[in-house]
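Coordinates as given in my_file-v8.cif (mmCIF, C-alpha atoms):
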```cif
data_protein
loop_
_atom_site.label_atom_id
_atom_site.label_comp_id
_atom_site.auth_asym_id
_atom_site.auth_seq_id
_atom_site.Cartn_x
_atom_site.Cartn_y
_atom_site.Cartn_z
CA MET G 1 -36.54 -10.08 2.99
CA GLY G 2 -38.54 -10.25 6.22
CA ALA G 3 -38.76 -7.94 9.21
CA ARG G 4 -34.99 -7.92 9.79
CA ALA G 5 -34.42 -5.95 6.58
CA ARG G 6 -36.07 -2.69 7.59
CA ARG G 7 -37.23 0.00 5.19
CA SER G 8 -36.56 3.72 5.40
CA PRO G 9 -39.45 6.22 5.61
CA PHE G 10 -38.62 7.14 2.00
CA PHE G 11 -38.54 3.57 0.66
CA ASP G 12 -41.84 3.66 -1.23
CA ARG G 13 -41.07 7.02 -2.86
CA ALA G 14 -37.60 5.88 -3.92
CA LYS G 15 -39.03 2.67 -5.36
CA ALA G 16 -41.65 4.63 -7.29
CA ARG G 17 -38.84 6.78 -8.76
CA GLY G 18 -37.11 3.70 -10.12
CA ALA G 19 -34.91 2.17 -7.41
CA CYS G 20 -34.02 -1.24 -8.80
CA MET G 21 -30.97 -2.54 -6.89
CA TYR G 22 -30.58 -2.87 -3.14
CA SER G 23 -27.99 -3.79 -0.56
CA ILE G 24 -28.29 -4.36 3.19
CA TYR G 25 -26.87 -1.54 5.31
CA ASN G 26 -27.43 -1.21 9.04
CA HIS G 27 -30.01 -4.00 8.81
CA MET G 28 -32.01 -1.98 6.27
CA LEU G 29 -32.73 -2.14 2.54
CA PHE G 30 -30.52 0.42 0.82
CA ALA G 31 -31.28 1.52 -2.75
CA THR G 32 -27.97 1.44 -4.66
CA SER G 33 -29.11 2.08 -8.24
CA TYR G 34 -31.91 3.54 -10.30
CA GLY G 35 -30.84 1.71 -13.45
CA ASN G 36 -28.94 4.51 -15.19
CA PRO G 37 -25.45 4.98 -13.67
CA GLY G 38 -24.43 7.57 -16.26
CA ARG G 39 -27.39 9.82 -15.50
CA GLU G 40 -26.98 9.40 -11.74
CA TYR G 41 -23.34 10.47 -12.02
CA ASP G 42 -24.25 13.44 -14.25
CA LEU G 43 -26.94 14.68 -11.84
CA LEU G 44 -24.49 14.60 -8.94
CA MET G 45 -21.63 16.23 -10.82
CA ASN G 46 -23.53 18.92 -12.73
CA HIS G 47 -27.00 19.42 -11.23
CA ALA G 48 -28.64 17.92 -8.12
CA ALA G 49 -30.09 14.63 -6.94
CA ILE G 50 -32.22 13.34 -4.09
CA TRP G 51 -30.87 10.35 -2.13
CA ASP G 52 -32.72 8.07 0.28
CA VAL G 53 -29.98 7.60 2.88
CA GLY G 54 -32.30 6.66 5.73
CA VAL G 55 -29.97 3.69 6.32
CA GLU G 56 -27.51 6.14 7.90
CA ARG G 57 -28.85 5.47 11.36
CA GLN G 58 -28.34 7.63 14.42
CA VAL G 59 -27.00 6.30 17.69
CA GLN G 60 -28.29 8.67 20.36
CA LEU G 61 -26.37 9.22 23.59
CA GLU G 62 -28.55 11.08 26.08
CA GLY G 63 -27.93 11.88 29.72
CA PRO G 64 -25.37 13.55 32.02
CA ASP G 65 -22.58 11.25 30.76
CA ALA G 66 -23.36 11.53 27.04
CA MET G 67 -20.21 13.54 26.30
CA LYS G 68 -18.11 11.25 28.49
CA LEU G 69 -19.25 8.20 26.54
CA ALA G 70 -18.63 9.94 23.22
CA GLN G 71 -15.12 10.86 24.36
CA LEU G 72 -14.30 7.30 25.39
CA MET G 73 -14.95 6.17 21.81
CA SER G 74 -13.44 9.11 19.92
CA PRO G 75 -9.77 10.14 19.51
CA ARG G 76 -10.85 13.75 18.89
CA ASP G 77 -11.39 16.18 21.72
CA VAL G 78 -15.18 16.20 21.54
CA SER G 79 -15.39 18.94 24.18
CA LYS G 80 -14.46 21.31 21.35
CA CYS G 81 -17.63 20.42 19.43
CA LYS G 82 -20.23 23.18 19.79
CA ILE G 83 -23.98 22.74 20.05
CA GLY G 84 -25.22 22.82 16.45
CA GLN G 85 -21.94 21.49 15.07
CA GLY G 86 -20.91 18.13 13.63
CA PHE G 87 -17.53 16.44 14.06
CA TYR G 88 -16.23 13.73 11.76
CA THR G 89 -14.58 11.18 14.02
CA PRO G 90 -13.36 7.59 14.07
CA ILE G 91 -14.96 5.39 16.71
CA LEU G 92 -12.25 3.14 18.13
CA SER G 93 -11.89 -0.04 20.12
CA ARG G 94 -9.40 -0.26 22.98
CA ASP G 95 -6.75 -1.70 20.64
CA GLY G 96 -7.25 1.10 18.12
CA GLY G 97 -9.44 -0.70 15.60
CA VAL G 98 -11.84 1.52 13.64
CA ILE G 99 -15.33 0.36 14.56
CA ASN G 100 -17.02 3.14 12.56
CA ASP G 101 -16.40 6.67 11.27
CA PRO G 102 -19.57 8.68 11.90
CA ILE G 103 -20.45 12.33 12.08
CA LEU G 104 -20.98 13.31 15.72
CA LEU G 105 -23.79 15.88 16.04
CA LYS G 106 -24.04 17.79 19.31
CA LEU G 107 -27.68 18.71 19.89
CA SER G 108 -27.18 19.76 23.53
CA GLU G 109 -24.72 19.24 26.37
CA ASP G 110 -26.36 15.93 27.22
CA LYS G 111 -27.60 14.76 23.81
CA ILE G 112 -25.38 13.45 21.02
CA TRP G 113 -26.13 11.73 17.74
CA LEU G 114 -23.61 9.52 15.98
CA SER G 115 -24.62 9.36 12.32
CA ILE G 116 -23.05 6.04 11.51
CA ALA G 117 -21.76 3.97 8.63
CA ASP G 118 -22.62 0.27 8.39
CA SER G 119 -21.78 -1.33 11.75
CA ASP G 120 -23.42 -1.95 15.12
CA VAL G 121 -22.17 1.09 17.03
CA LYS G 122 -25.24 1.11 19.25
CA LEU G 123 -24.30 -2.25 20.76
CA TYR G 124 -20.72 -1.12 21.32
CA ALA G 125 -21.86 2.09 23.00
CA MET G 126 -24.37 0.22 25.18
CA GLY G 127 -21.67 -2.20 26.29
CA LEU G 128 -19.27 0.62 27.18
CA ALA G 129 -21.96 2.54 29.05
CA ASP G 130 -22.84 -0.52 31.11
CA ALA G 131 -19.22 -1.50 31.79
CA MET G 132 -18.29 2.03 32.87
CA GLU G 133 -21.55 2.51 34.82
CA LEU G 134 -22.26 5.75 32.98
CA ASP G 135 -25.42 7.79 33.42
CA VAL G 136 -26.46 7.73 29.77
CA VAL G 137 -29.16 6.11 27.67
CA VAL G 138 -28.12 4.69 24.29
CA THR G 139 -30.87 4.35 21.69
CA GLU G 140 -31.61 4.46 17.98
CA PRO G 141 -34.07 7.36 17.62
CA ASP G 142 -36.70 7.80 14.91
CA VAL G 143 -34.36 9.84 12.71
CA SER G 144 -33.74 9.20 9.00
CA PRO G 145 -31.63 11.36 6.65
CA LEU G 146 -32.69 12.40 3.15
CA ALA G 147 -29.81 13.88 1.16
CA ILE G 148 -29.83 16.53 -1.56
CA GLN G 149 -26.45 16.50 -3.33
CA GLY G 150 -24.81 18.26 -6.26
CA PRO G 151 -23.79 21.79 -7.28
CA ARG G 152 -27.45 22.95 -7.37
CA ALA G 153 -28.39 21.21 -4.11
CA GLU G 154 -28.24 24.42 -2.07
CA ASP G 155 -30.69 26.10 -4.44
CA VAL G 156 -33.16 23.23 -4.06
CA VAL G 157 -32.89 23.23 -0.26
CA ALA G 158 -33.20 27.04 -0.11
CA ALA G 159 -36.38 26.86 -2.19
CA VAL G 160 -37.97 24.79 0.60
CA PHE G 161 -36.33 26.04 3.81
CA GLY G 162 -35.53 29.64 2.90
CA GLU G 163 -32.50 31.66 1.84
CA GLU G 164 -31.07 31.74 5.35
CA ILE G 165 -29.88 28.14 5.02
CA ARG G 166 -27.12 29.35 2.69
CA ALA G 167 -25.31 30.66 5.78
CA ILE G 168 -25.03 27.20 7.38
CA ARG G 169 -21.37 26.17 7.47
CA TYR G 170 -20.08 22.72 6.58
CA PHE G 171 -21.10 20.10 9.18
CA TYR G 172 -23.13 22.67 11.12
CA PHE G 173 -26.87 22.15 11.49
CA ILE G 174 -30.13 23.68 12.64
CA GLU G 175 -33.23 22.15 14.19
CA THR G 176 -36.31 23.33 12.33
CA GLU G 177 -39.52 22.17 10.69
CA ILE G 178 -41.24 22.53 7.34
CA GLN G 179 -45.02 22.28 7.03
CA GLY G 180 -45.13 20.65 10.45
CA ILE G 181 -42.41 18.09 9.66
CA PRO G 182 -39.62 18.19 12.28
CA VAL G 183 -36.10 17.95 10.87
CA VAL G 184 -32.45 18.64 11.55
CA LEU G 185 -30.87 20.30 8.53
CA GLN G 186 -27.12 19.89 8.12
CA ARG G 187 -24.71 20.95 5.39
CA SER G 188 -23.15 17.56 4.76
CA GLY G 189 -23.38 14.44 2.60
CA TRP G 190 -21.27 11.63 1.21
CA SER G 191 -19.98 13.47 -1.84
CA LYS G 192 -17.58 16.30 -2.62
CA GLN G 193 -20.14 18.07 -4.80
CA GLY G 194 -21.90 19.93 -2.01
CA GLY G 195 -25.29 19.54 -0.45
CA PHE G 196 -27.38 18.96 2.65
CA GLU G 197 -28.73 16.11 4.70
CA ILE G 198 -32.24 16.53 6.07
CA TYR G 199 -32.66 14.39 9.18
CA LEU G 200 -36.36 13.54 9.36
CA CYS G 201 -37.39 13.30 13.02
CA ASP G 202 -40.80 11.65 12.46
CA GLY G 203 -40.71 8.59 10.25
CA SER G 204 -44.45 8.70 9.65
CA GLN G 205 -43.92 11.84 7.50
CA GLY G 206 -41.24 10.44 5.18
CA GLY G 207 -43.44 10.52 2.10
CA GLU G 208 -44.46 14.11 2.72
CA LEU G 209 -40.85 15.30 3.13
CA TYR G 210 -39.71 13.42 0.02
CA ASP G 211 -42.57 14.92 -2.02
CA LEU G 212 -41.73 18.45 -0.84
CA MET G 213 -38.11 18.11 -1.86
CA TRP G 214 -38.96 16.38 -5.12
CA ALA G 215 -41.37 19.12 -6.15
CA ALA G 216 -38.82 21.84 -5.35
CA GLY G 217 -36.11 20.14 -7.39
CA GLU G 218 -38.40 19.43 -10.31
CA THR G 219 -39.68 23.03 -10.39
CA LEU G 220 -36.19 24.50 -10.19
CA LEU G 221 -34.21 22.09 -12.36
CA GLY G 222 -36.69 20.23 -14.53
CA GLU G 223 -34.98 17.34 -16.32
CA ASN G 224 -31.72 18.14 -14.51
CA TRP G 225 -33.13 16.65 -11.32
CA GLY G 226 -33.75 13.10 -10.22
CA PRO G 227 -33.03 10.29 -7.79
CA GLY G 228 -29.64 8.89 -6.99
CA THR G 229 -27.55 7.14 -4.38
CA PRO G 230 -24.14 7.68 -2.78
CA ASN G 231 -22.17 7.41 -6.00
CA PRO G 232 -19.55 4.65 -6.30
CA ILE G 233 -17.66 6.52 -9.05
CA GLU G 234 -17.55 9.99 -7.48
CA ARG G 235 -16.69 8.68 -4.04
CA ILE G 236 -13.55 6.90 -5.33
CA GLU G 237 -12.53 9.87 -7.51
CA SER G 238 -12.97 12.18 -4.51
CA GLY G 239 -11.21 9.91 -2.01
CA LEU G 240 -14.23 9.31 0.22
CA PHE G 241 -13.48 6.15 2.17
CA SER G 242 -16.09 3.54 3.03
CA TRP G 243 -16.07 1.65 6.32
CA GLY G 244 -16.49 -2.06 5.63
CA THR G 245 -15.19 -1.74 2.06
CA ASP G 246 -11.89 0.12 2.34
CA PHE G 247 -11.18 -0.60 6.02
CA ASP G 248 -12.82 -2.06 9.11
CA GLU G 249 -12.22 -2.86 12.79
CA GLN G 250 -9.05 -4.78 11.89
CA ASN G 251 -7.44 -1.49 10.80
CA ASN G 252 -6.21 1.35 12.98
CA PRO G 253 -6.57 5.02 11.95
CA PHE G 254 -2.96 5.29 10.76
CA GLU G 255 -3.59 2.52 8.25
CA CYS G 256 -6.62 4.17 6.64
CA ARG G 257 -5.74 7.88 6.45
CA LEU G 258 -7.64 8.78 9.61
CA GLY G 259 -4.57 9.69 11.65
CA LYS G 260 -5.23 13.41 11.29
CA TRP G 261 -8.43 12.94 13.30
CA CYS G 262 -6.51 11.45 16.24
CA ASP G 263 -5.42 14.08 18.77
CA LEU G 264 -2.81 12.29 20.87
CA GLU G 265 -1.29 15.40 22.42
CA GLY G 266 -4.40 16.75 24.12
CA ASP G 267 -5.42 16.31 27.75
CA HIS G 268 -8.56 14.36 26.85
CA ASP G 269 -8.48 10.62 27.46
CA PHE G 270 -10.08 7.87 25.39
CA LEU G 271 -10.01 4.09 25.28
CA ALA G 272 -7.57 3.73 22.39
CA LYS G 273 -5.08 6.43 23.37
CA GLU G 274 -2.39 4.10 24.73
CA ALA G 275 -2.71 1.78 21.72
CA LEU G 276 -2.50 4.65 19.22
CA LEU G 277 0.60 6.08 20.88
CA ARG G 278 2.24 2.68 20.56
CA ILE G 279 1.13 2.22 16.92
CA ARG G 280 2.33 5.69 15.98
CA GLU G 281 5.76 4.93 17.40
CA GLN G 282 6.00 1.52 15.71
CA GLY G 283 4.49 2.67 12.41
CA PRO G 284 1.45 1.18 10.65
CA ARG G 285 1.70 -2.21 8.98
CA GLU G 286 -0.18 -1.14 5.84
CA GLN G 287 -1.53 1.95 4.08
CA LEU G 288 -4.67 2.89 2.18
CA VAL G 289 -3.56 4.18 -1.24
CA GLY G 290 -4.82 5.05 -4.67
CA LEU G 291 -3.97 3.05 -7.78
CA HIS G 292 -3.92 3.85 -11.47
CA LEU G 293 -4.72 0.61 -13.28
CA ALA G 294 -3.22 -0.03 -16.72
CA GLY G 295 -5.50 -0.18 -19.75
CA SER G 296 -7.41 2.28 -21.87
CA GLU G 297 -10.80 0.53 -21.66
CA PRO G 298 -13.11 0.38 -18.61
CA LEU G 299 -12.59 -2.64 -16.37
CA PRO G 300 -15.42 -4.19 -14.33
CA GLY G 301 -15.48 -2.76 -10.83
CA ALA G 302 -14.26 -4.89 -7.94
CA VAL G 303 -17.05 -6.63 -6.04
CA LYS G 304 -14.77 -8.24 -3.44
CA PRO G 305 -11.21 -7.74 -2.18
CA MET G 306 -8.81 -8.54 -5.03
CA GLN G 307 -5.20 -9.64 -4.72
CA LEU G 308 -2.22 -7.29 -5.03
CA THR G 309 1.25 -8.69 -5.60
CA ARG G 310 4.80 -7.70 -6.33
CA LYS G 311 6.01 -8.60 -9.79
CA ASP G 312 7.50 -11.78 -8.32
CA GLY G 313 4.01 -12.88 -7.28
CA SER G 314 4.36 -12.33 -3.52
CA GLU G 315 1.22 -10.91 -1.93
CA ILE G 316 1.34 -7.35 -0.60
CA GLY G 317 -2.29 -6.35 -0.05
CA THR G 318 -5.77 -6.14 -1.50
CA LEU G 319 -7.59 -3.93 -3.97
CA ARG G 320 -10.73 -2.76 -2.17
CA ALA G 321 -12.77 -0.77 -4.73
CA SER G 322 -12.31 0.25 -8.36
CA THR G 323 -14.05 2.16 -11.13
CA TRP G 324 -13.63 3.81 -14.50
CA SER G 325 -13.21 7.53 -13.87
CA PRO G 326 -15.04 9.71 -16.42
CA ARG G 327 -13.04 12.75 -15.28
CA LEU G 328 -9.65 11.07 -15.62
CA GLU G 329 -10.64 8.68 -18.44
CA ARG G 330 -8.84 5.80 -16.80
CA ASN G 331 -9.34 2.96 -14.33
CA ILE G 332 -8.67 3.88 -10.70
CA ALA G 333 -8.83 1.98 -7.44
CA LEU G 334 -8.44 2.17 -3.69
CA ALA G 335 -6.23 -0.45 -2.11
CA ARG G 336 -4.54 -1.50 1.11
CA VAL G 337 -0.86 -2.34 0.69
CA LEU G 338 2.06 -3.04 2.98
CA THR G 339 3.65 0.21 4.10
CA ALA G 340 6.91 -0.77 2.40
CA GLU G 341 5.05 -0.90 -0.95
CA SER G 342 3.03 2.32 -0.50
CA GLU G 343 5.52 4.81 -1.96
CA LEU G 344 4.02 7.01 -4.69
CA GLY G 345 5.03 5.77 -8.12
CA ASN G 346 5.60 2.18 -7.02
CA THR G 347 4.47 -0.29 -9.69
CA ILE G 348 2.73 -3.50 -8.61
CA LEU G 349 0.23 -6.01 -10.03
CA ALA G 350 -3.50 -5.95 -9.28
CA GLU G 351 -6.07 -8.67 -9.80
CA VAL G 352 -9.17 -7.54 -11.69
CA ALA G 353 -12.67 -8.98 -11.93
CA ASP G 354 -11.89 -11.56 -14.63
CA GLY G 355 -9.05 -12.98 -12.56
CA SER G 356 -6.22 -11.55 -14.65
CA MET G 357 -3.44 -9.35 -13.26
CA VAL G 358 -2.81 -5.83 -14.59
CA GLU G 359 -0.06 -3.35 -13.83
CA ALA G 360 -0.96 -0.75 -11.21
CA THR G 361 0.83 2.39 -10.04
CA VAL G 362 0.52 3.76 -6.51
CA VAL G 363 -0.84 7.32 -6.52
CA ASP G 364 -2.17 9.78 -3.95
CA VAL G 365 -5.83 10.34 -3.16
CA PRO G 366 -8.09 12.11 -3.85
CA PHE G 367 -7.65 11.38 -7.54
CA VAL G 368 -9.21 14.67 -8.64
#
```
Written as structure tokens, how would this file's structure read?
Amino acid sequence: MGARARRSPFFDRAKARGACMYSIYNHMLFATSYGNPGREYDLLMNHAAIWDVGVERQVQLEGPDAMKLAQLMSPRDVSKCKIGQGFYTPILSRDGGVINDPILLKLSEDKIWLSIADSDVKLYAMGLADAMELDVVVTEPDVSPLAIQGPRAEDVVAAVFGEEIRAIRYFYFIETEIQGIPVVLQRSGWSKQGGFEIYLCDGSQGGELYDLMWAAGETLLGENWGPGTPNPIERIESGLFSWGTDFDEQNNPFECRLGKWCDLEGDHDFLAKEALLRIREQGPREQLVGLHLAGSEPLPGAVKPMQLTRKDGSEIGTLRASTWSPRLERNIALARVLTAESELGNTILAEVADGSMVEATVVDVPFV
């Protein structure tokens, strides 16, 4: 792949545990499968799994104007974020487009991390800082998350870091170390099954941290422990949206269910405020919805945007991601449709992987 496709500090350990499929995410190799999707889903839903999510890069804002720069990009009132707390927030362009949807971690009054999805937020933040002549340095620090996810994740993390971690609230974090390895430990992760993300702050010790967590999980859970990745089945079932798949910078927050994270009544100002006030008044052009797809047998998952139409064949949107849901025993999907077609219970047609059209019913998300 060459030097442009970087590797996480946990890459070699993940490969040794069976990583066999990769994607590119934030200019890095991202393990997306260990060859047994059924087991990976079972570990997440019923036990615990270890995920190499080092591709979730941090954009660090440091300096007297760090909070000011964060506020320019975010529609939330970031002054309400406490030191040691994380905020989920859209990052918006001036016209209201969603550039990313990271977790903002406040490490101090003049030091912020944006734990980003797959887009070049660092370049956007650098451009804003320069244009606004802000006293802030924008960098990508040597910080790489390792996630422990699943209903037994807390037990695994407590076995390494101590029982006191059970008191950490969702999205809150502590700065600590284990056996000389510096980390930030946050209750978070891209699943609804519970868990922690361990932000390694020294990439040279990635193997050591992975081995510590692996040994703890293996000792505690035995065969009910193993590697995994952010799960494409669970994330759709749980209504966890993916920047770049379900929406991107062409969409505003009201089109992708992020409107609740936009505080337009507060005194804080941000770049997209005027645009969002206008969009709210006019109403969004489309909506992100759930679909139940007809058929009692699993359909291949969508690997690209697929066409949605009315029954007369006129186009009304795109299916963005789909899967067979083990919990619902049916095919489900996330889609973007014209607002006029987004009413719950509306029946439309959806293109599937073999090119055929199947009946689809608009439903709410999360699915379960």
Exercise for the section: Write out as a ChimeraX atom specification the residues lying within 7 Å of range 48-58 of chain G, counting only C-alpha atoms and excluding same-chain residues fewer than 2 positions away. Expected result: /G:8,10,14,25-26,28,30,43-44,46,60,113-117,140-141,143-153,225-229
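Counting all atoms listed in the file, Leu128 in chain G has the following residues at most 12 Å away, ignoring those fewer than 6 positions along the same chain: Leu61, Asp65, Ala66, Lys68, Leu69, Ala70, Gln71, Leu72, Met73, Leu92, Ser93, Arg94, Val121, Lys122, Leu134, Asp135, Val136, Val137, Val138, Phe270 and Leu271 of chain G.
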Exercise for the section: Could you please determine the separation between CA of Pro284 in chain G and CA of Phe254 in chain G in Å, to one decimal place? Expected result: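 Atom-to-atom, CA of Pro284 in chain G and CA of Phe254 in chain G are spaced 6.0 Å apart.
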Handout entry: Within-9 Å shell of (-29.5, 26.5, -1.5) in input frame, all atoms listed in the file, as a ChimeraX atom specification
Key = /G:152-166,195-196
Practice task
For each of G:Asn331, G:Glu286, G:Glu223, G:Ile348, take the minimum atom-to-atom distance to Ser314 in chain G, counting only C-alpha atoms, then give the residue where this is smallest.
Solution key: G:Ile348
Exercise for the section: Could you give me, as an MDAnalysis selection string, the residues that sit within 10 Å of (-7.0, -0.2, 9.7) in the file's coordinates, counting all atoms listed in the file? Expected result: chainID G and resid 96:99 243 246:258 284:288 336
Completion exercise
From the list G:Leu308, G:Ala167, G:Glu297, G:Lys192, the nearest residue to Ser342 in chain G using all atoms listed in the file is G:Leu308
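Here CA of Gly194 in chain G is placed at a distance of 18.1 Å from CA of Ser242 in chain G.
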Exercise for the section: Name all residues at most 12 Å from Leu344 in chain G (count all atoms listed in the file; drop same-chain ones fewer than 4 positions away) and give them as a VMD selection string. Expected result: chain G and resid 287 to 292 337 339 to 340 348 360 to 365
Handout entry: Counting only C-alpha atoms, the residue of G:Met67, G:Leu319, G:Val78, G:Ile168 that sits nearest Lys111 in chain G
Key = G:Met67
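Note that the spacing between CA of Phe241 in chain G and CA of Gly283 in chain G amounts to 21.0 Å.
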Practice task
Could you tell me which residues the PyMOL selection byres ((chain G and resi 207) around 12) returns for this structure, as a list of chain:residue names?
Solution key: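 Taken on the displayed file, the PyMOL selection byres ((chain G and resi 207) around 12) yields the residues G:Ser8, G:Pro9, G:Phe10, G:Phe11, G:Asp12, G:Arg13, G:Ala14, G:Lys15, G:Ala16, G:Asp52, G:Ser144, G:Leu146, G:Ile181, G:Leu200, G:Asp202, G:Gly203, G:Ser204, G:Gln205, G:Gly206, G:Glu208, G:Leu209, G:Tyr210, G:Asp211, G:Leu212, G:Met213, G:Trp214.
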Practice task
Within 7 Å of Glu237 in chain G, counting all atoms listed in the file, which residues show up once you throw out same-chain ones fewer than 4 positions away? Write them as a list of chain:residue names, please.
Solution key: G:Ile233, G:Ser325, G:Pro366, G:Phe367, G:Val368
